[in-house]
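Here's work29.txt, which has compact mmCIF, C-alpha atoms:
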# COMPACT_ATOMS: atom_id res chain seq x y z
CA MET A 17 93.75 -1.11 9.14
CA THR A 18 93.95 -0.56 5.42
CA VAL A 19 91.88 2.36 4.19
CA ARG A 20 90.64 2.52 0.61
CA HIS A 21 88.02 4.22 -1.52
CA TRP A 22 85.13 1.97 -2.42
CA GLY A 23 82.97 2.34 -5.44
CA LYS A 24 82.13 5.37 -7.55
CA PRO A 25 81.31 7.65 -5.83
CA GLY A 26 82.30 6.78 -2.30
CA LYS A 27 83.81 7.80 1.00
CA PRO A 28 86.98 6.31 2.44
CA ALA A 29 86.28 3.14 4.41
CA ASN A 30 88.33 0.52 6.16
CA ARG A 31 88.26 -2.80 4.37
CA ALA A 32 87.34 -4.60 7.60
CA GLY A 33 83.85 -3.39 8.44
CA LEU A 34 80.88 -4.33 10.61
CA GLY A 35 77.83 -6.32 9.60
CA CYS A 36 74.87 -5.31 11.77
CA MET A 37 72.40 -8.14 11.18
CA SER A 38 73.14 -9.61 14.61
CA PHE A 39 71.72 -6.51 16.29
CA GLY A 40 68.33 -7.59 14.95
CA GLY A 41 68.45 -10.99 16.65
CA ALA A 42 69.17 -13.21 13.63
CA TYR A 43 71.52 -15.39 15.68
CA GLY A 44 69.50 -15.27 18.87
CA PRO A 45 68.60 -12.51 21.35
CA ALA A 46 70.75 -9.37 21.23
CA THR A 47 70.68 -6.78 23.98
CA LYS A 48 70.73 -3.05 23.43
CA ARG A 49 73.58 -2.66 25.92
CA GLU A 50 75.77 -5.19 24.12
CA SER A 51 74.96 -3.80 20.68
CA PHE A 52 75.83 -0.27 21.83
CA ALA A 53 79.10 -1.52 23.34
CA THR A 54 79.96 -3.18 20.02
CA MET A 55 79.26 -0.01 18.06
CA ALA A 56 81.30 2.08 20.51
CA GLU A 57 84.20 -0.34 20.09
CA ALA A 58 83.87 -0.05 16.32
CA ILE A 59 84.18 3.74 16.54
CA GLU A 60 87.21 3.36 18.81
CA LEU A 61 88.93 0.90 16.47
CA GLY A 62 88.14 2.83 13.30
CA VAL A 63 85.84 0.10 11.95
CA ASP A 64 83.91 2.61 9.91
CA PHE A 65 81.98 0.68 7.25
CA TRP A 66 78.66 -0.34 8.84
CA ASP A 67 76.17 -2.43 6.94
CA THR A 68 72.56 -3.01 7.98
CA ALA A 69 69.13 -3.51 6.36
CA ASP A 70 65.53 -2.57 7.04
CA ILE A 71 64.57 -6.23 7.39
CA TYR A 72 67.08 -7.02 10.16
CA GLY A 73 64.81 -7.53 13.12
CA GLU A 74 62.11 -5.76 11.08
CA GLY A 75 63.77 -2.40 11.72
CA VAL A 76 65.45 -3.21 15.04
CA SER A 77 69.02 -3.04 13.73
CA GLU A 78 68.47 0.35 12.05
CA THR A 79 66.69 1.68 15.12
CA LEU A 80 69.55 0.72 17.43
CA ILE A 81 72.12 2.27 15.10
CA GLY A 82 70.05 5.44 14.89
CA GLU A 83 69.77 5.73 18.64
CA PHE A 84 73.50 5.12 19.05
CA LEU A 85 74.39 7.78 16.48
CA ALA A 86 71.97 10.26 18.07
CA GLN A 87 73.76 10.00 21.41
CA ASP A 88 76.78 11.72 19.90
CA LYS A 89 76.31 13.73 16.71
CA THR A 90 80.01 13.43 15.83
CA ARG A 91 79.67 9.69 15.27
CA ARG A 92 77.83 9.93 11.96
CA ASP A 93 80.74 11.53 10.15
CA LYS A 94 83.05 8.78 11.39
CA ILE A 95 81.28 5.97 9.55
CA VAL A 96 80.22 4.91 6.09
CA LEU A 97 76.61 3.85 6.56
CA ALA A 98 74.92 1.31 4.30
CA THR A 99 71.45 -0.19 4.41
CA LYS A 100 69.14 -2.14 2.12
CA PHE A 101 65.56 -2.39 0.91
CA GLY A 102 63.50 -4.87 -1.09
CA ASN A 103 62.09 -7.35 1.43
CA ARG A 104 58.51 -6.75 2.51
CA VAL A 105 56.99 -8.42 5.56
CA THR A 106 53.56 -9.81 4.69
CA PRO A 107 50.53 -9.71 7.02
CA GLY A 108 50.96 -13.40 7.85
CA GLY A 109 54.54 -12.86 9.01
CA GLY A 110 56.16 -14.07 5.81
CA ARG A 111 58.29 -12.13 3.36
CA MET A 112 58.04 -11.14 -0.24
CA VAL A 113 60.44 -9.26 -2.49
CA ASP A 114 59.24 -5.86 -3.68
CA ASN A 115 61.49 -3.57 -5.74
CA SER A 116 58.69 -1.30 -6.95
CA ALA A 117 59.22 2.46 -7.04
CA PRO A 118 56.46 3.18 -4.49
CA TYR A 119 57.90 0.66 -2.04
CA LEU A 120 61.41 2.05 -2.61
CA ALA A 121 60.17 5.54 -1.74
CA GLU A 122 58.48 4.20 1.38
CA CYS A 123 61.54 2.22 2.46
CA ILE A 124 64.18 4.93 2.12
CA GLU A 125 62.11 7.37 4.18
CA ALA A 126 61.48 4.75 6.86
CA SER A 127 65.17 3.80 7.01
CA LEU A 128 66.31 7.42 7.29
CA LYS A 129 63.81 7.95 10.10
CA ARG A 130 64.95 4.86 12.02
CA LEU A 131 68.63 5.68 11.47
CA ARG A 132 68.00 9.34 12.40
CA VAL A 133 70.08 10.59 9.48
CA ASP A 134 69.38 12.67 6.39
CA HIS A 135 71.20 10.30 4.04
CA VAL A 136 72.91 6.93 3.82
CA ASP A 137 76.19 6.50 1.99
CA LEU A 138 75.24 3.28 0.22
CA TYR A 139 71.77 1.88 -0.49
CA TYR A 140 71.42 -1.69 -1.69
CA VAL A 141 68.74 -3.63 -3.49
CA HIS A 142 68.62 -6.41 -0.91
CA ARG A 143 66.95 -9.04 -3.10
CA LEU A 144 65.81 -8.97 -6.71
CA ASP A 145 62.16 -8.73 -7.58
CA LYS A 146 61.69 -11.25 -10.38
CA ASN A 147 58.72 -9.27 -11.69
CA ILE A 148 60.67 -6.03 -12.15
CA PRO A 149 63.76 -5.75 -14.39
CA ILE A 150 66.84 -4.54 -12.52
CA GLU A 151 67.09 -1.64 -14.98
CA ARG A 152 63.76 -0.24 -13.76
CA THR A 153 64.77 -0.58 -10.13
CA VAL A 154 68.04 1.26 -10.68
CA GLU A 155 66.25 3.96 -12.67
CA ALA A 156 64.01 4.51 -9.65
CA MET A 157 67.00 4.70 -7.30
CA ALA A 158 69.04 7.15 -9.36
CA PRO A 159 66.96 10.21 -8.34
CA LEU A 160 67.71 9.40 -4.70
CA VAL A 161 71.39 9.92 -5.47
CA LYS A 162 70.66 13.27 -7.11
CA ALA A 163 68.49 14.26 -4.15
CA GLY A 164 71.32 13.45 -1.73
CA LYS A 165 69.35 10.84 0.18
CA ILE A 166 71.77 8.08 -0.84
CA GLY A 167 75.40 8.43 -1.76
CA ALA A 168 75.61 5.43 -4.06
CA ILE A 169 73.69 2.37 -5.27
CA GLY A 170 74.55 -1.22 -4.39
CA LEU A 171 73.22 -4.68 -5.19
CA SER A 172 73.05 -7.77 -3.00
CA GLU A 173 73.18 -11.47 -3.94
CA VAL A 174 73.06 -10.94 -7.71
CA ALA A 175 74.67 -12.60 -10.70
CA PRO A 176 77.41 -10.94 -12.79
CA ASP A 177 75.03 -10.34 -15.69
CA THR A 178 72.63 -8.49 -13.40
CA LEU A 179 75.45 -6.25 -12.25
CA ARG A 180 76.39 -5.39 -15.83
CA ARG A 181 72.77 -4.59 -16.72
CA ALA A 182 72.34 -2.40 -13.65
CA HIS A 183 75.64 -0.60 -14.19
CA ALA A 184 74.61 0.27 -17.76
CA VAL A 185 71.80 2.37 -16.26
CA HIS A 186 73.66 3.99 -13.34
CA PRO A 187 77.08 3.39 -11.71
CA ILE A 188 76.92 0.61 -9.14
CA ALA A 189 79.25 1.25 -6.21
CA ALA A 190 79.21 -2.16 -4.55
CA VAL A 191 77.92 -5.70 -4.76
CA GLN A 192 77.38 -7.66 -1.59
CA SER A 193 77.40 -11.42 -1.42
CA GLU A 194 78.45 -14.26 0.84
CA TYR A 195 82.15 -15.09 0.48
CA SER A 196 84.26 -17.17 2.81
CA LEU A 197 86.41 -20.26 3.00
CA TRP A 198 83.33 -22.40 2.46
CA THR A 199 81.51 -20.18 -0.04
CA ARG A 200 83.72 -19.42 -3.05
CA THR A 201 81.09 -18.78 -5.74
CA PRO A 202 82.10 -15.11 -6.25
CA GLU A 203 85.48 -16.32 -7.55
CA VAL A 204 83.82 -17.62 -10.72
CA GLY A 205 82.61 -14.34 -12.15
CA MET A 206 81.50 -11.78 -9.59
CA LEU A 207 84.91 -10.64 -8.33
CA GLN A 208 86.01 -10.20 -11.93
CA THR A 209 82.84 -8.32 -12.95
CA CYS A 210 83.11 -5.96 -9.99
CA ARG A 211 86.58 -4.98 -11.19
CA GLU A 212 85.26 -4.66 -14.73
CA VAL A 213 82.63 -2.06 -13.80
CA GLY A 214 84.52 -0.42 -10.93
CA ALA A 215 82.34 -1.70 -8.08
CA SER A 216 83.65 -2.87 -4.74
CA PHE A 217 82.85 -6.38 -3.60
CA VAL A 218 81.44 -6.51 -0.08
CA ALA A 219 81.80 -9.94 1.49
CA PHE A 220 79.44 -11.00 4.25
CA SER A 221 79.62 -14.07 6.50
CA THR A 222 83.40 -14.22 6.11
CA VAL A 223 83.58 -16.22 9.35
CA GLY A 224 81.09 -18.71 7.95
CA ARG A 225 78.27 -17.41 10.16
CA GLY A 226 80.44 -18.17 13.16
CA ALA A 227 81.62 -21.58 11.96
CA PHE A 228 85.26 -20.50 11.64
CA GLY A 229 85.34 -18.65 14.95
CA GLY A 230 86.45 -21.72 16.84
CA ALA A 231 83.74 -21.62 19.52
CA LEU A 232 80.71 -23.14 17.82
CA ARG A 233 80.47 -26.85 18.63
CA ASP A 234 76.97 -28.02 19.50
CA VAL A 235 74.64 -26.64 16.85
CA THR A 236 71.64 -28.16 18.63
CA ALA A 237 72.20 -25.61 21.41
CA MET A 238 71.64 -22.65 19.09
CA ALA A 239 68.71 -20.39 19.95
CA GLU A 240 65.38 -21.43 18.44
CA ALA A 241 65.25 -18.15 16.52
CA ASP A 242 68.76 -18.65 15.08
CA PHE A 243 68.28 -18.83 11.34
CA ARG A 244 71.33 -21.08 10.94
CA ARG A 245 69.08 -23.91 12.08
CA GLY A 246 67.64 -23.94 8.57
CA MET A 247 71.02 -24.08 6.83
CA PRO A 248 72.17 -27.53 5.68
CA ARG A 249 75.81 -26.90 6.62
CA PHE A 250 74.88 -26.68 10.28
CA GLN A 251 72.80 -29.85 10.35
CA GLY A 252 73.56 -33.42 11.41
CA ASP A 253 76.26 -35.29 9.54
CA ASN A 254 77.01 -32.23 7.41
CA TRP A 255 78.03 -30.26 10.48
CA ALA A 256 80.11 -33.15 11.83
CA ARG A 257 82.07 -33.37 8.58
CA ASN A 258 82.50 -29.61 8.38
CA LEU A 259 83.58 -29.32 11.99
CA ALA A 260 86.33 -31.89 11.53
CA ARG A 261 87.95 -29.68 8.90
CA ILE A 262 87.25 -26.47 10.78
CA ASP A 263 89.01 -27.88 13.83
CA ARG A 264 92.13 -28.40 11.74
CA PHE A 265 91.86 -24.80 10.53
CA ALA A 266 91.49 -23.55 14.11
CA ALA A 267 94.60 -25.52 15.13
CA LEU A 268 96.52 -23.89 12.28
CA ALA A 269 95.41 -20.43 13.41
CA HIS A 270 96.40 -21.07 17.02
CA GLY A 271 99.74 -22.40 15.84
CA TRP A 272 100.33 -19.08 14.10
CA GLY A 273 99.29 -17.18 17.20
CA VAL A 274 96.05 -15.70 15.81
CA LYS A 275 92.36 -16.20 16.45
CA PRO A 276 90.57 -18.42 13.91
CA ALA A 277 88.08 -15.64 13.10
CA THR A 278 90.93 -13.22 12.44
CA LEU A 279 92.56 -15.70 10.08
CA ALA A 280 89.33 -16.42 8.20
CA ASN A 281 88.78 -12.70 7.65
CA ALA A 282 92.40 -12.10 6.67
CA TRP A 283 92.10 -14.86 4.06
CA ALA A 284 89.13 -13.09 2.47
CA LEU A 285 90.94 -9.75 2.40
CA ALA A 286 94.00 -11.37 0.86
CA LYS A 287 92.09 -12.84 -2.08
CA ASP A 288 91.47 -9.50 -3.80
CA ASP A 289 92.26 -5.93 -2.75
CA ASN A 290 88.85 -4.90 -4.13
CA ILE A 291 87.14 -6.79 -1.30
CA LEU A 292 85.65 -5.25 1.83
CA ILE A 293 84.44 -7.56 4.57
CA ILE A 294 81.51 -7.06 6.92
CA PRO A 295 81.68 -9.90 9.46
CA GLY A 296 78.72 -9.63 11.77
CA THR A 297 78.87 -9.66 15.54
CA ARG A 298 77.04 -8.32 18.55
CA THR A 299 79.99 -8.44 20.99
CA PRO A 300 83.05 -6.19 21.34
CA GLN A 301 85.31 -9.24 21.78
CA HIS A 302 84.35 -10.74 18.44
CA LEU A 303 84.55 -7.31 16.81
CA ARG A 304 88.17 -7.02 17.94
CA GLU A 305 88.97 -10.45 16.50
CA ASN A 306 87.38 -9.52 13.18
CA ALA A 307 89.00 -6.10 13.00
CA ALA A 308 92.45 -7.54 13.63
CA ALA A 309 92.32 -9.07 10.16
CA GLY A 310 92.93 -5.65 8.64
CA ALA A 311 96.50 -5.68 9.95
CA LEU A 312 97.24 -9.35 9.25
CA LYS A 313 99.06 -9.77 5.95
CA LEU A 314 99.17 -13.38 4.79
CA THR A 315 101.96 -14.76 2.63
CA PRO A 316 101.25 -16.95 -0.41
CA ASP A 317 102.53 -19.94 1.57
CA GLN A 318 100.12 -19.22 4.40
CA ILE A 319 97.19 -18.91 2.00
CA ALA A 320 98.19 -22.22 0.44
CA ALA A 321 98.35 -23.86 3.87
CA ILE A 322 94.86 -22.62 4.72
CA GLU A 323 93.42 -23.80 1.43
CA ALA A 324 95.06 -27.20 1.79
CA ILE A 325 92.93 -27.71 4.90
CA LEU A 326 89.81 -25.97 3.55
CA PRO A 327 89.93 -26.39 -0.24
CA SER A 328 87.33 -24.86 -2.52
CA GLY A 329 84.17 -26.96 -2.37
CA PHE A 330 84.97 -28.69 0.92
CA ALA A 331 81.71 -27.77 2.64
CA ALA A 332 79.13 -30.46 3.24
CA GLY A 333 75.67 -29.05 2.59
CA ASP A 334 74.42 -25.97 0.76
CA ARG A 335 74.76 -22.47 2.22
CA TYR A 336 71.00 -21.90 2.34
CA GLY A 337 68.02 -24.16 2.85
CA GLU A 338 65.51 -24.15 -0.01
CA LYS A 339 63.17 -21.75 1.80
CA GLN A 340 66.06 -19.39 2.55
CA TRP A 341 67.29 -18.94 -1.00
CA GLY A 342 64.45 -16.66 -1.96
CA SER A 343 65.49 -14.57 -4.97
CA ALA A 344 69.25 -14.71 -4.33
CA GLU A 345 70.67 -15.39 -7.79
CA ARG A 346 72.55 -18.63 -8.45
CA TYR A 347 75.00 -18.36 -11.30
CA ALA A 348 77.54 -21.16 -10.76
Full structure transcribed into structure tokens:
Amino acid sequence: MTVRHWGKPGKPANRAGLGCMSFGGAYGPATKRESFATMAEAIELGVDFWDTADIYGEGVSETLIGEFLAQDKTRRDKIVLATKFGNRVTPGGGRMVDNSAPYLAECIEASLKRLRVDHVDLYYVHRLDKNIPIERTVEAMAPLVKAGKIGAIGLSEVAPDTLRRAHAVHPIAAVQSEYSLWTRTPEVGMLQTCREVGASFVAFSTVGRGAFGGALRDVTAMAEADFRRGMPRFQGDNWARNLARIDRFAALAHGWGVKPATLANAWALAKDDNILIIPGTRTPQHLRENAAAGALKLTPDQIAAIEAILPSGFAAGDRYGEKQWGSAERYA
């Protein structure tokens, strides 16, 4: 896999990483045994950029990672560890965004405790608090860098202008957002702004939340807790139209002798060498398919062939339902 330095400052990390949301049950039940097997496979393959958040399973993902790392103390130095804060669970079971300094202080200590580490390499603002300017949030995070509790500051699901404002206060190492064959929004400003300020772009859901993996057919069979059920792209006629195109993409991948998930990830990596990907999975098999993208170099003709089948804007339905958007910034 290709190794690069991400952000300023930063540790070396492979561009094909691991998204750990699935460990928290976002796509249905996840077992500890399977999650541990996936993490062990990641160590073996050198998939060393791991991305989680305190809200994933309300701490479950971080707790599992912490227990796995504690089993072998040498594992921590083999990975770049990122997590996020900013989503608060309310007493009624809902969520609210809170970027306040007291909540930040509470969250970082809780994350370090669950992860069983003394620092994380990258700490993101998961969602923006509309009542607190991003400048104030970054000002509150900067002392955590000086204290050695976080290696660098990141932002998630923000607009280019927000990145510039934050970076004017303190260097921003990375911006995370959805980017895939059916979500191209970052191409109209964010990829360019990341290069402008020297931040890495971390792409999540590069396999379209499993859509491009080639196995998802009957969306009605998804687990009740699967949050894709609320996403318009996975519903009714939208899914039928999307699947027709995805099937053509899968046929192209098989014709080239690669797994569809590998090809989808390789496409994302090929679009800009400043991109890292964090496809999520809870199985070693899918991890291997995702990781293989790091060694797959696509030619311009291959990229053109992929985009002829899945052109920008092809997706039927929005990427989030209205209740799921929350404070993710829309800028195009």
Report task. Work out how far atom CA of A:Ser221 is from atom CA of A:Val204, in Å to one decimal. Result ->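 A separation of 18.1 Å between them.
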Requested in this report: Work out how far atom CA of A:Ala56 is from atom CA of A:Ala266, in Å to one decimal.
Outcome: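 Computing the Euclidean distance for atom CA of A:Ala266 and atom CA of A:Ala56 yields 28.3 Å.
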**Report entry** Nearest candidate to A:Asp70 (options A:Thr99, A:Thr199, A:Gln192, A:Gln208; using only C-alpha atoms)
**Finding:** A:Thr99
Per residue of stretch 51-129 of chain A within 12 Å of stretch 287-297 of chain A, which atom pair is closest and at what distance in Å (one decimal), using all atoms listed in the file, listed by chain and increasing number, as a tab-separated table?
residue	atom	partner	partner_atom	distance
A:Ser51	CA	A:Thr297	CA	8.7
A:Phe52	CA	A:Thr297	CA	11.7
A:Ala53	CA	A:Thr297	CA	11.3
A:Thr54	CA	A:Thr297	CA	8.0
A:Met55	CA	A:Thr297	CA	10.0
A:Glu57	CA	A:Thr297	CA	11.7
A:Ala58	CA	A:Thr297	CA	10.9
A:Val63	CA	A:Ile294	CA	9.8
A:Asp64	CA	A:Ile294	CA	10.4
A:Phe65	CA	A:Ile294	CA	7.8
A:Trp66	CA	A:Ile294	CA	7.5
A:Asp67	CA	A:Ile294	CA	7.1
A:Thr68	CA	A:Gly296	CA	9.8
A:Ser77	CA	A:Gly296	CA	11.9
A:Leu97	CA	A:Ile294	CA	12.0
A:Ala98	CA	A:Ile294	CA	11.0
Requested in this report: Could you check how far atom CA of A:Gly33 sits from atom CA of A:His183, in Å to one decimal?
Outcome: 24.2 Å
Query raised in the report: Which polymer residues have any atom within 7 Å of an atom of A:His135, counting all atoms listed in the file, with same-chain residues fewer than 5 positions away left out, as a PyMOL selection string?
Result: chain A and resi 128+164-166
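Remark: for A:His302, the closest of the candidate residues A:Thr153, A:Thr315, A:Asn147, A:Ser38 is A:Ser38 (distances computed over all atoms listed in the file).
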Query raised in the report: So which one's closest to A:Glu212, A:Ala69, A:Leu179, A:Ala309, A:Leu144? Using all atoms listed in the file, please.
Result: A:Leu179
Do a neighbour search on A:Ser116 at 8 Å with all atoms listed in the file, toss out local chain neighbours closer than 2 positions, and write the hits as a compact mmCIF listing (two decimals) with C-alpha atoms, in the coordinates of the input.
# COMPACT_ATOMS: atom_id res chain seq x y z
CA ASP A 114 59.24 -5.86 -3.68
CA PRO A 118 56.46 3.18 -4.49
CA TYR A 119 57.90 0.66 -2.04
CA LEU A 120 61.41 2.05 -2.61
CA ILE A 148 60.67 -6.03 -12.15
CA THR A 153 64.77 -0.58 -10.13
**Report entry** 10 Å contact set for A:Arg298, all atoms listed in the file, chain neighbours under 6 positions out, as a list in words
**Finding:** Leu34, Gly35, Cys36, Met37, Ser38, Phe39, Gly40, Gly41, Tyr43, Pro45, Ala46, Thr47, Lys48, Arg49, Glu50, Ser51, Phe52, Ala53, Thr54 and Met55 of chain A
**Report entry** Contacts of A:Ser127 at 9 Å (only C-alpha atoms; same-chain gap of 5+ positions) as a VMD selection string
**Finding:** chain A and resid 69 to 70 75 78 to 79 99 to 101 122 132 to 133 136
Query raised in the report: Leaving out stretch 236-248 of chain A and any residue of its chain fewer than 3 positions from it, which residues lie within 12 Å of it when counting all atoms listed in the file, given as a VMD selection string?
Result: chain A and resid 37 to 38 40 to 46 72 to 73 221 224 to 227 232 to 233 251 to 258 331 to 341
**Report entry** From A:Gly229, A:Gly108, A:Gly205, A:Gly102, residue lying nearest A:Ala267 [all atoms listed in the file]
**Finding:** A:Gly229
Query raised in the report: From the set A:Arg180, A:Arg211, A:Arg143, A:His270, which residue has the shortest atom-to-atom contact distance to A:Asn103, counting all atoms listed in the file?
Result: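 Ranked by minimum distance to A:Asn103, first place goes to A:Arg143.
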Could you work out an axis-aligned box for stretch 160-177 of chain A, taking every atom the file lists and adding 5 Å on each side, and report centre and edge lengths in Å to one decimal, as AutoDock Vina command-line options?
--center_x 72.6 --center_y 0.8 --center_z -7.8 --size_x 19.7 --size_y 36.9 --size_z 25.9
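For the set A:Pro107, A:Pro300, A:Gly271, A:Gly310, the residue with the smallest atom-to-atom gap to A:Leu285 is A:Gly310, counting all atoms listed in the file.
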